[in-house]
Each structure stands twice: as C-alpha cells, then as structure tokens.
>>> print(open('work-v9.cif').read())   # mmCIF, C-alpha atoms and all ligand atoms
data_upload
loop_
_atom_site.label_atom_id
_atom_site.label_comp_id
_atom_site.auth_asym_id
_atom_site.auth_seq_id
_atom_site.Cartn_x
_atom_site.Cartn_y
_atom_site.Cartn_z
CA MET Q 1 150.78 87.37 -5.96
CA ARG Q 2 151.55 83.77 -6.79
CA ILE Q 3 149.09 80.86 -6.64
CA ASP Q 4 150.16 77.23 -7.06
CA VAL Q 5 147.68 74.41 -7.54
CA LEU Q 6 148.38 70.69 -7.06
CA SER Q 7 145.86 68.51 -8.89
CA VAL Q 8 145.37 65.31 -10.88
CA LEU Q 9 143.44 67.38 -13.46
CA PRO Q 10 145.78 70.33 -14.07
CA ARG Q 11 144.33 71.23 -17.48
CA MET Q 12 140.90 71.75 -15.96
CA VAL Q 13 142.28 74.53 -13.75
CA GLU Q 14 144.60 76.04 -16.38
CA ASP Q 15 141.86 76.23 -19.00
CA ALA Q 16 139.49 78.04 -16.64
CA PHE Q 17 141.77 81.07 -16.43
CA ARG Q 18 142.66 81.61 -20.06
CA GLU Q 19 140.15 84.47 -20.18
CA GLY Q 20 138.11 86.68 -17.90
CA VAL Q 21 139.20 88.93 -15.06
CA VAL Q 22 141.74 86.47 -13.62
CA GLY Q 23 143.04 85.60 -17.10
CA ARG Q 24 143.81 89.28 -17.66
CA ALA Q 25 145.46 89.56 -14.24
CA ILE Q 26 147.76 86.67 -15.23
CA GLU Q 27 148.52 88.26 -18.61
CA GLY Q 28 149.22 91.59 -16.94
CA GLY Q 29 151.64 90.01 -14.44
CA LEU Q 30 149.56 90.84 -11.35
CA LEU Q 31 148.99 87.15 -10.64
CA GLU Q 32 151.25 84.19 -11.36
CA LEU Q 33 149.33 80.90 -11.56
CA LYS Q 34 151.24 77.63 -11.71
CA VAL Q 35 149.34 74.35 -11.89
CA TRP Q 36 151.21 71.16 -11.03
CA ASN Q 37 150.24 67.63 -12.03
CA LEU Q 38 150.09 65.43 -8.92
CA ARG Q 39 150.84 62.37 -11.05
CA ASP Q 40 154.33 63.76 -11.75
CA PHE Q 41 155.12 63.16 -8.08
CA ALA Q 42 153.74 59.61 -7.96
CA GLU Q 43 156.06 56.61 -8.07
CA GLY Q 44 155.89 53.24 -9.82
CA LYS Q 45 154.83 51.99 -13.21
CA TYR Q 46 151.27 53.24 -12.81
CA GLN Q 47 152.05 56.49 -10.98
CA GLN Q 48 149.21 55.68 -8.64
CA THR Q 49 147.85 58.64 -6.63
CA ASP Q 50 145.11 56.74 -4.76
CA ASP Q 51 144.64 53.47 -2.91
CA ALA Q 52 141.97 51.44 -1.08
CA PRO Q 53 140.95 52.78 2.36
CA PHE Q 54 142.27 51.06 5.48
CA GLY Q 55 139.27 49.68 7.34
CA GLY Q 56 137.41 48.96 4.12
CA GLY Q 57 134.54 50.79 2.53
CA ALA Q 58 133.71 52.23 -0.87
CA GLY Q 59 135.93 54.44 -2.96
CA MET Q 60 139.60 55.26 -2.95
CA VAL Q 61 141.75 57.50 -0.78
CA MET Q 62 144.46 59.83 -2.08
CA LYS Q 63 147.89 58.59 -1.06
CA PRO Q 64 150.02 60.86 1.11
CA GLU Q 65 153.45 60.43 -0.56
CA PRO Q 66 152.75 62.12 -3.93
CA ILE Q 67 151.06 65.07 -2.22
CA LEU Q 68 153.93 65.54 0.26
CA LYS Q 69 156.48 65.29 -2.54
CA GLY Q 70 154.52 67.78 -4.65
CA VAL Q 71 154.16 70.25 -1.80
CA ARG Q 72 157.91 70.09 -1.10
CA ALA Q 73 158.75 70.72 -4.76
CA ILE Q 74 156.30 73.62 -4.93
CA ARG Q 75 157.69 75.21 -1.75
CA GLU Q 76 161.18 75.08 -3.19
CA ASP Q 77 160.09 76.61 -6.49
CA ALA Q 78 159.95 80.15 -5.06
CA ASP Q 79 161.28 82.02 -2.03
CA ALA Q 80 158.12 82.89 -0.08
CA GLU Q 81 156.49 80.19 2.04
CA PRO Q 82 152.99 79.54 0.65
CA LEU Q 83 149.83 79.42 2.74
CA LYS Q 84 148.89 75.78 2.16
CA VAL Q 85 145.16 75.12 1.72
CA LEU Q 86 143.44 71.77 1.19
CA LEU Q 87 140.07 71.91 -0.58
CA THR Q 88 137.72 69.45 1.09
CA PRO Q 89 134.04 69.34 2.11
CA GLN Q 90 135.33 68.82 5.68
CA GLY Q 91 136.96 72.27 5.72
CA ARG Q 92 135.82 75.57 7.17
CA LEU Q 93 133.43 77.44 4.90
CA PHE Q 94 135.17 79.80 2.46
CA ASP Q 95 133.74 83.32 2.60
CA GLN Q 96 134.62 86.86 1.53
CA ALA Q 97 136.70 87.40 4.68
CA ALA Q 98 138.81 84.32 3.85
CA ALA Q 99 139.16 85.54 0.26
CA GLY Q 100 140.49 88.86 1.59
CA ARG Q 101 142.89 87.10 3.94
CA PHE Q 102 144.21 84.81 1.19
CA SER Q 103 144.64 87.77 -1.19
CA ARG Q 104 147.00 89.41 1.33
CA ALA Q 105 149.30 86.35 1.38
CA SER Q 106 152.19 86.63 -1.04
CA ARG Q 107 151.83 82.98 -1.99
CA LEU Q 108 148.97 80.49 -1.86
CA LEU Q 109 149.12 76.74 -2.51
CA LEU Q 110 145.80 75.01 -3.24
CA ILE Q 111 145.78 71.23 -2.89
CA CYS Q 112 142.88 69.52 -4.67
CA GLY Q 113 141.49 66.31 -3.24
CA ARG Q 114 139.71 63.71 -5.39
CA TYR Q 115 138.05 60.37 -4.78
CA GLU Q 116 136.52 59.68 -1.37
CA GLY Q 117 139.09 61.63 0.57
CA VAL Q 118 142.70 62.42 1.28
CA ASP Q 119 144.91 60.48 3.72
CA GLU Q 120 144.61 62.39 7.01
CA ARG Q 121 148.39 62.60 7.44
CA VAL Q 122 148.49 65.12 4.59
CA SER Q 123 146.56 67.56 6.78
CA GLU Q 124 148.84 66.94 9.72
CA LEU Q 125 152.07 67.27 7.77
CA CYS Q 126 151.64 69.97 5.17
CA VAL Q 127 148.33 71.84 5.36
CA ASP Q 128 147.69 75.16 7.12
CA GLU Q 129 143.93 75.30 6.50
CA GLU Q 130 141.17 73.06 5.18
CA VAL Q 131 138.54 74.91 3.18
CA SER Q 132 135.11 73.99 1.80
CA ILE Q 133 133.17 76.14 -0.67
CA GLY Q 134 129.76 74.93 0.50
CA ASP Q 135 127.72 72.17 2.06
CA TYR Q 136 127.59 69.92 -0.98
CA VAL Q 137 130.00 67.32 -2.32
CA LEU Q 138 131.75 67.87 -5.64
CA SER Q 139 133.80 65.18 -7.33
CA GLY Q 140 137.04 66.92 -6.51
CA GLY Q 141 138.76 70.02 -5.24
CA GLU Q 142 139.40 71.52 -8.68
CA ILE Q 143 136.15 73.49 -9.00
CA PRO Q 144 136.49 74.72 -5.38
CA ALA Q 145 140.10 75.75 -6.15
CA MET Q 146 138.86 77.69 -9.18
CA ALA Q 147 136.26 79.43 -7.03
CA VAL Q 148 138.96 80.39 -4.52
CA ILE Q 149 141.33 81.61 -7.27
CA ASP Q 150 138.58 83.75 -8.80
CA ALA Q 151 137.44 85.24 -5.49
CA VAL Q 152 141.04 85.92 -4.38
CA GLY Q 153 142.31 87.06 -7.79
CA ARG Q 154 139.78 89.85 -8.14
CA LEU Q 155 140.85 91.27 -4.76
CA ILE Q 156 144.49 91.73 -5.80
CA PRO Q 157 145.06 95.49 -6.12
CA GLY Q 158 144.87 96.59 -9.76
CA VAL Q 159 142.98 93.50 -11.00
CA LEU Q 160 139.56 95.15 -11.14
CA GLY Q 161 139.56 98.22 -13.34
CA ASN Q 162 137.95 100.29 -10.67
CA ASP Q 163 139.37 99.62 -7.20
CA ALA Q 164 136.08 100.73 -5.65
CA SER Q 165 134.25 97.78 -7.23
CA ALA Q 166 135.75 95.21 -4.86
CA ALA Q 167 134.96 97.38 -1.84
CA GLN Q 168 131.33 97.60 -2.98
CA ASP Q 169 130.90 93.86 -3.50
CA SER Q 170 128.28 91.84 -1.68
CA PHE Q 171 129.53 90.44 1.64
CA THR Q 172 132.35 92.97 2.01
CA ASP Q 173 130.31 94.59 4.78
CA GLY Q 174 128.59 91.33 5.67
CA LEU Q 175 125.39 92.08 3.71
CA LEU Q 176 123.99 90.95 0.37
CA ASP Q 177 124.16 93.45 -2.48
CA HIS Q 178 121.30 95.79 -3.43
CA PRO Q 179 119.41 95.28 -6.74
CA HIS Q 180 120.93 96.74 -9.92
CA TYR Q 181 119.24 98.30 -12.97
CA THR Q 182 120.43 99.69 -16.29
CA ARG Q 183 118.79 100.99 -19.49
CA PRO Q 184 116.03 100.77 -20.59
CA ALA Q 185 114.18 102.51 -17.75
CA GLU Q 186 111.13 100.37 -18.55
CA PHE Q 187 111.44 96.75 -19.68
CA GLU Q 188 108.58 94.33 -20.30
CA GLY Q 189 106.33 96.59 -18.28
CA ILE Q 190 108.67 96.78 -15.28
CA ARG Q 191 110.08 100.20 -14.41
CA ALA Q 192 113.43 100.74 -12.73
CA PRO Q 193 112.84 102.46 -9.36
CA ASP Q 194 112.38 106.22 -9.89
CA VAL Q 195 114.89 107.08 -7.17
CA LEU Q 196 117.72 105.59 -9.26
CA LEU Q 197 116.86 107.97 -12.12
CA SER Q 198 116.42 110.99 -9.85
CA GLY Q 199 120.05 112.11 -9.75
CA ASP Q 200 119.73 112.51 -5.95
CA HIS Q 201 122.88 110.70 -4.78
CA GLU Q 202 121.95 110.66 -1.10
CA ALA Q 203 118.48 109.26 -1.83
CA VAL Q 204 120.09 106.58 -4.04
CA ARG Q 205 122.56 105.67 -1.29
CA LEU Q 206 119.78 105.30 1.29
CA TRP Q 207 117.58 103.29 -1.07
CA ARG Q 208 120.44 100.89 -1.86
CA ARG Q 209 121.38 100.43 1.77
CA ARG Q 210 117.79 99.73 2.76
CA GLN Q 211 117.40 97.20 -0.05
CA ALA Q 212 120.61 95.45 0.99
CA LEU Q 213 119.45 95.31 4.61
CA GLU Q 214 115.97 94.01 3.72
CA ARG Q 215 117.28 91.38 1.30
CA THR Q 216 119.81 90.11 3.79
CA ARG Q 217 117.19 89.93 6.56
CA GLU Q 218 114.82 88.04 4.26
CA ARG Q 219 117.22 85.69 2.47
CA ARG Q 220 120.19 85.25 4.77
CA LYS Q 221 119.18 85.49 8.41
CA ASP Q 222 122.58 84.02 9.37
CA LEU Q 223 124.43 86.98 7.80
CA PHE Q 224 121.91 89.50 9.05
CA ASP Q 225 122.26 88.35 12.65
CA ARG Q 226 126.04 88.77 12.46
CA ALA Q 227 126.06 92.12 10.62
CA GLU Q 228 127.15 95.23 12.51
CA LEU Q 229 124.34 97.70 11.93
CA SER Q 230 124.69 101.48 12.30
CA GLU Q 231 122.10 103.85 13.77
CA GLU Q 232 121.17 104.76 10.20
CA ASP Q 233 120.70 101.07 9.30
CA LEU Q 234 118.34 100.62 12.24
CA ARG Q 235 116.35 103.68 11.17
CA LEU Q 236 116.12 102.38 7.58
CA LEU Q 237 114.89 99.02 8.81
CA GLU Q 238 112.43 100.68 11.14
CA SER Q 239 110.93 102.69 8.26
CA SER Q 240 110.80 99.58 6.03
CA ARG Q 241 108.38 97.91 8.45
CA ASP Q 242 105.78 100.63 7.77
N1 LIG Q 301 135.73 68.74 -2.63
C1 LIG Q 301 134.54 68.17 -2.86
N2 LIG Q 301 133.54 68.95 -2.46
C2 LIG Q 301 134.09 70.09 -1.98
C3 LIG Q 301 133.58 71.28 -1.43
N3 LIG Q 301 132.27 71.49 -1.27
N4 LIG Q 301 134.44 72.23 -1.03
C4 LIG Q 301 135.78 72.03 -1.16
N5 LIG Q 301 136.33 70.92 -1.68
C5 LIG Q 301 135.49 69.96 -2.08
#
>>> encode(input="work-v9.cif", output="structure tokens")
Amino acid sequence: MRIDVLSVLPRMVEDAFREGVVGRAIEGGLLELKVWNLRDFAEGKYQQTDDAPFGGGAGMVMKPEPILKGVRAIREDADAEPLKVLLTPQGRLFDQAAAGRFSRASRLLLICGRYEGVDERVSELCVDEEVSIGDYVLSGGEIPAMAVIDAVGRLIPGVLGNDASAAQDSFTDGLLDHPHYTRPAEFEGIRAPDVLLSGDHEAVRLWRRRQALERTRERRKDLFDRAELSEEDLRLLESSRD
C-alpha cells in the first residue's frame, strides 16, 4: 500500500514512523510512505500557504492553490488514484471500520490542515472524505494523520507478526477489549483471575467475552447499543447481573 501526506510540517510525520510497527512495515516494503511539503507548491517570495479569512475574524485560513497543486502532483506521482482524505475536526469520526476501509485502498492521500481552517473549495475540488479523530481541536492535521497511518498500517496484511492479532483488536467486533494479564500471577497483592491460569480454553474464551461485554456496557454505551450480540452474549450478560 502507498500513503502520501501533504503537510506544512513534513518532518513531524516522517520522524514519527522511523521506528515501531509502521516503521518496520515501511522498511519491509509493505507500506510506502511519502510525505510532501505543502510549501513546495506555494508561489511567491514568501511561499505563503495561508491568508486572512474573508469576512474577518481571528486566525488564518489555508489557501486553496498550494493544496490543489500539491494534490495534482501527488496524483501524478503513481498510477493508482488515491483516496483523498482531509483531516479536520469538521470531518466524520474516524473509527476501526474506517481504518479497515482505508487499508483496503491501494493508495491513500492524507491532507493536513493547519491554522483556523482550510478554504472550503479544497473540499469541493479534491477531497473524497473529511475525517476527524475525535471531538477536540488539535493545532493541525499532522497528529490525526499519524493516528490514521498507524491504525491503517497495522491492518495491512503481513504488518503484524501474527495476523490473528488485528482480528482480535478492540472495536473489530464493535466491543472494547477484555482485560489482559501476564506474569507474575500475583502482583502487589492483586491476583490474575484464576480462570486465565486454568488451561481451560473454553472457560477463558467465555470469561473474556463477558468482560468485553460488561466493559463496553459500562464505559461505552454508544458502542454497546450498536453491537450485534449473539444468543451466547445475551446469556453471558444475563449471568453477569447475578
Ligand atoms: N485538526 C485539528 N483537530 C483535528 C481533529 N480532532 N481531527 C482531525 N483533524 C484535526
């Protein structure tokens, strides 16, 4: 898979993926990451990428021309047409389903906004989707782009050592993950649940599922209400009320 990023802070994004899971995927040739400096597409002596907002108000707005020029150059840099995504707090919330969808595209282009916003014509002319990583405002789209690259990168087949790990992640089935324990069996007076040490695989599976269901119901009612529950899930929840 190939991911392109268009940003005024290209080093910030490049440096983030020099190590870790995605860094290894890049080294191993499973992911090609190319970060482009928006300023290279800006004209004039000062290579200005932002300007004052029409209508007045605080802050600056990102100009449309450098972004359009950058997107055109990036599209022409490889054969496949990229899925073009603008990172903005006004976008649809990014979730595991979107990460899966993006990971199945052969090419993704992430456009990072900065300042108070991006000229709206950018969205009309060269963006397929607007995406937000959460209901808070960051100072730019770079950290959101990194979050998207990490979430998408680890879903590319072969990136995680064990292909089952991605399938077992939280959210893959719409629920939070169950608790995890490792050695020592007792730590600071707290014992790992006996069932996990029992060697009874079916009992472990049921315990984990019940924990995931209970946690999701308690912490994330929104996810719980949308989750598709099986007969077994309903039975586990029923017994957890006892
Ligand atoms: N840019 C600033 N804040 C953002 C957010 N929460 N998600 C995506 N892009 C952003």
>>> residues_near_ligand(input="work-v9.cif", ligand="ligand LIG 301 (chain Q)", cutoff="8 Å", atoms="all atoms listed in the file", output="ChimeraX atom specification")
/Q:86-91,93,112-114,131-145
>>> write_last_selection(input="work-v9.cif", atoms="C-alpha atoms", output="PDB file, in the frame of the given file")
ATOM      1  CA  LEU Q  86     143.440  71.770   1.190  1.00  0.00           C
ATOM      2  CA  LEU Q  87     140.070  71.910  -0.580  1.00  0.00           C
ATOM      3  CA  THR Q  88     137.720  69.450   1.090  1.00  0.00           C
ATOM      4  CA  PRO Q  89     134.040  69.340   2.110  1.00  0.00           C
ATOM      5  CA  GLN Q  90     135.330  68.820   5.680  1.00  0.00           C
ATOM      6  CA  GLY Q  91     136.960  72.270   5.720  1.00  0.00           C
ATOM      7  CA  LEU Q  93     133.430  77.440   4.900  1.00  0.00           C
ATOM      8  CA  CYS Q 112     142.880  69.520  -4.670  1.00  0.00           C
ATOM      9  CA  GLY Q 113     141.490  66.310  -3.240  1.00  0.00           C
ATOM     10  CA  ARG Q 114     139.710  63.710  -5.390  1.00  0.00           C
ATOM     11  CA  VAL Q 131     138.540  74.910   3.180  1.00  0.00           C
ATOM     12  CA  SER Q 132     135.110  73.990   1.800  1.00  0.00           C
ATOM     13  CA  ILE Q 133     133.170  76.140  -0.670  1.00  0.00           C
ATOM     14  CA  GLY Q 134     129.760  74.930   0.500  1.00  0.00           C
ATOM     15  CA  ASP Q 135     127.720  72.170   2.060  1.00  0.00           C
ATOM     16  CA  TYR Q 136     127.590  69.920  -0.980  1.00  0.00           C
ATOM     17  CA  VAL Q 137     130.000  67.320  -2.320  1.00  0.00           C
ATOM     18  CA  LEU Q 138     131.750  67.870  -5.640  1.00  0.00           C
ATOM     19  CA  SER Q 139     133.800  65.180  -7.330  1.00  0.00           C
ATOM     20  CA  GLY Q 140     137.040  66.920  -6.510  1.00  0.00           C
ATOM     21  CA  GLY Q 141     138.760  70.020  -5.240  1.00  0.00           C
ATOM     22  CA  GLU Q 142     139.400  71.520  -8.680  1.00  0.00           C
ATOM     23  CA  ILE Q 143     136.150  73.490  -9.000  1.00  0.00           C
ATOM     24  CA  PRO Q 144     136.490  74.720  -5.380  1.00  0.00           C
ATOM     25  CA  ALA Q 145     140.100  75.750  -6.150  1.00  0.00           C
TER      26      ALA Q 145
END
>>> atom_distance(input="work-v9.cif", atom1="atom CA of His180 of chain Q", atom2="atom CA of Asn162 of chain Q")
17.4 Å
>>> atom_distance(input="work-v9.cif", atom1="atom CA of Arg104 of chain Q", atom2="atom CA of Pro82 of chain Q")
11.6 Å
>>> residues_near_point(input="work-v9.cif", point="(153.5, 88.5, -9.7)", cutoff="7 Å", atoms="all atoms listed in the file", output="MDAnalysis selection string")
chainID Q and resid 1:2 29:32
>>> residues_around(input="work-v9.cif", residues="Phe54 of chain Q", least_positions_apart="5", cutoff="10 Å", atoms="all atoms listed in the file", output="short mmCIF file (atom, residue, chain, number, x, y, z; two decimals) with C-alpha atoms, in the frame of the given file")
data_model
loop_
_atom_site.label_atom_id
_atom_site.label_comp_id
_atom_site.auth_asym_id
_atom_site.auth_seq_id
_atom_site.Cartn_x
_atom_site.Cartn_y
_atom_site.Cartn_z
CA MET Q 60 139.60 55.26 -2.95
CA VAL Q 61 141.75 57.50 -0.78
CA ASP Q 119 144.91 60.48 3.72
#
>>> atom_distance(input="work-v9.cif", atom1="atom CA of Leu223 of chain Q", atom2="atom CA of Leu175 of chain Q")
6.6 Å
>>> closest_residue(input="work-v9.cif", among="Q:Thr182, Q:Ser7, Q:Ser170, Q:Ser240", to="Ala97 of chain Q", atoms="only C-alpha atoms")
Q:Ser170
>>> residues_near_point(input="work-v9.cif", point="(151.4, 81.6, 4.8)", cutoff="7 Å", atoms="only C-alpha atoms", output="PyMOL selection string")
chain Q and resi 81-84+105+107
>>> closest_residue(input="work-v9.cif", among="Q:Gly158, Q:Gly28, Q:Gly199, Q:Gly153", to="Gly100 of chain Q", atoms="all atoms listed in the file")
Q:Gly153
>>> residues_around(input="work-v9.cif", residues="segment 227-229 of chain Q", least_positions_apart="5", cutoff="8 Å", atoms="only C-alpha atoms", output="list in words")
Asp173, Gly174, Leu175 and Leu234 of chain Q
>>> closest_residue(input="work-v9.cif", among="Q:Ala147, Q:Gln211, Q:Arg219, Q:Lys45", to="Leu236 of chain Q", atoms="only C-alpha atoms")
Q:Gln211
>>> residues_around(input="work-v9.cif", residues="segment 67-75 of chain Q", least_positions_apart="6", cutoff="9 Å", atoms="all atoms listed in the file", output="list in words")
Asp4, Leu6, Trp36, Asn37, Leu38, Asp40, Phe41, Ala42, Thr49, Glu81, Pro82, Lys84, Leu109, Ile111, Val122, Leu125 and Cys126 of chain Q
>>> closest_residue(input="work-v9.cif", among="Q:Ala16, Q:Ala98, Q:Ala185, Q:Val148", to="Phe171 of chain Q", atoms="all atoms listed in the file")
Q:Ala98
>>> build_atoms(input="work-v9.cif", residues="segment 192-216 of chain Q", atoms="N, CA, C and O atoms", output="compact mmCIF listing (two decimals), in the coordinates of the input")
# COMPACT_ATOMS: atom_id res chain seq x y z
N ALA Q 192 112.36 100.62 -13.74
CA ALA Q 192 113.43 100.74 -12.73
C ALA Q 192 112.94 101.73 -11.68
O ALA Q 192 112.19 102.66 -12.00
N PRO Q 193 113.31 101.54 -10.41
CA PRO Q 193 112.84 102.46 -9.36
C PRO Q 193 113.19 103.91 -9.69
O PRO Q 193 114.32 104.20 -10.09
N ASP Q 194 112.19 104.81 -9.54
CA ASP Q 194 112.38 106.22 -9.89
C ASP Q 194 113.58 106.84 -9.20
O ASP Q 194 114.28 107.66 -9.78
N VAL Q 195 113.82 106.44 -7.94
CA VAL Q 195 114.89 107.08 -7.17
C VAL Q 195 116.24 106.93 -7.88
O VAL Q 195 117.08 107.83 -7.84
N LEU Q 196 116.43 105.82 -8.59
CA LEU Q 196 117.72 105.59 -9.26
C LEU Q 196 117.90 106.51 -10.46
O LEU Q 196 119.01 106.69 -10.96
N LEU Q 197 116.80 107.07 -10.95
CA LEU Q 197 116.86 107.97 -12.12
C LEU Q 197 116.79 109.43 -11.68
O LEU Q 197 116.81 110.33 -12.50
N SER Q 198 116.71 109.64 -10.35
CA SER Q 198 116.42 110.99 -9.85
C SER Q 198 117.65 111.89 -9.84
O SER Q 198 117.53 113.11 -9.79
N GLY Q 199 118.84 111.30 -9.85
CA GLY Q 199 120.05 112.11 -9.75
C GLY Q 199 120.35 112.56 -8.32
O GLY Q 199 121.33 113.25 -8.08
N ASP Q 200 119.54 112.14 -7.37
CA ASP Q 200 119.73 112.51 -5.95
C ASP Q 200 120.62 111.43 -5.30
O ASP Q 200 120.15 110.36 -4.92
N HIS Q 201 121.91 111.72 -5.21
CA HIS Q 201 122.88 110.70 -4.78
C HIS Q 201 122.61 110.18 -3.37
O HIS Q 201 122.78 108.99 -3.10
N GLU Q 202 122.21 111.07 -2.49
CA GLU Q 202 121.95 110.66 -1.10
C GLU Q 202 120.72 109.74 -1.04
O GLU Q 202 120.73 108.72 -0.34
N ALA Q 203 119.68 110.11 -1.81
CA ALA Q 203 118.48 109.26 -1.83
C ALA Q 203 118.81 107.89 -2.41
O ALA Q 203 118.33 106.85 -1.93
N VAL Q 204 119.68 107.85 -3.43
CA VAL Q 204 120.09 106.58 -4.04
C VAL Q 204 120.85 105.74 -3.01
O VAL Q 204 120.59 104.54 -2.85
N ARG Q 205 121.76 106.39 -2.29
CA ARG Q 205 122.56 105.67 -1.29
C ARG Q 205 121.65 105.03 -0.23
O ARG Q 205 121.80 103.85 0.12
N LEU Q 206 120.68 105.81 0.25
CA LEU Q 206 119.78 105.30 1.29
C LEU Q 206 118.91 104.17 0.77
O LEU Q 206 118.69 103.17 1.45
N TRP Q 207 118.42 104.33 -0.46
CA TRP Q 207 117.58 103.29 -1.07
C TRP Q 207 118.37 101.99 -1.18
O TRP Q 207 117.89 100.92 -0.83
N ARG Q 208 119.61 102.09 -1.67
CA ARG Q 208 120.44 100.89 -1.86
C ARG Q 208 120.73 100.20 -0.52
O ARG Q 208 120.66 98.98 -0.41
N ARG Q 209 121.05 101.00 0.46
CA ARG Q 209 121.38 100.43 1.77
C ARG Q 209 120.16 99.71 2.35
O ARG Q 209 120.26 98.60 2.87
N ARG Q 210 119.00 100.34 2.22
CA ARG Q 210 117.79 99.73 2.76
C ARG Q 210 117.46 98.42 2.04
O ARG Q 210 117.11 97.42 2.67
N GLN Q 211 117.63 98.42 0.72
CA GLN Q 211 117.40 97.20 -0.05
C GLN Q 211 118.34 96.07 0.39
O GLN Q 211 117.94 94.93 0.54
N ALA Q 212 119.62 96.45 0.57
CA ALA Q 212 120.61 95.45 0.99
C ALA Q 212 120.24 94.88 2.36
O ALA Q 212 120.29 93.65 2.58
N LEU Q 213 119.83 95.75 3.27
CA LEU Q 213 119.45 95.31 4.61
C LEU Q 213 118.22 94.39 4.55
O LEU Q 213 118.20 93.31 5.17
N GLU Q 214 117.21 94.80 3.79
CA GLU Q 214 115.97 94.01 3.72
C GLU Q 214 116.21 92.64 3.07
O GLU Q 214 115.71 91.63 3.54
N ARG Q 215 116.99 92.64 1.98
CA ARG Q 215 117.28 91.38 1.30
C ARG Q 215 118.02 90.42 2.21
O ARG Q 215 117.77 89.23 2.21
N THR Q 216 119.00 90.97 2.93
CA THR Q 216 119.81 90.11 3.79
C THR Q 216 118.94 89.54 4.91
O THR Q 216 119.02 88.35 5.22
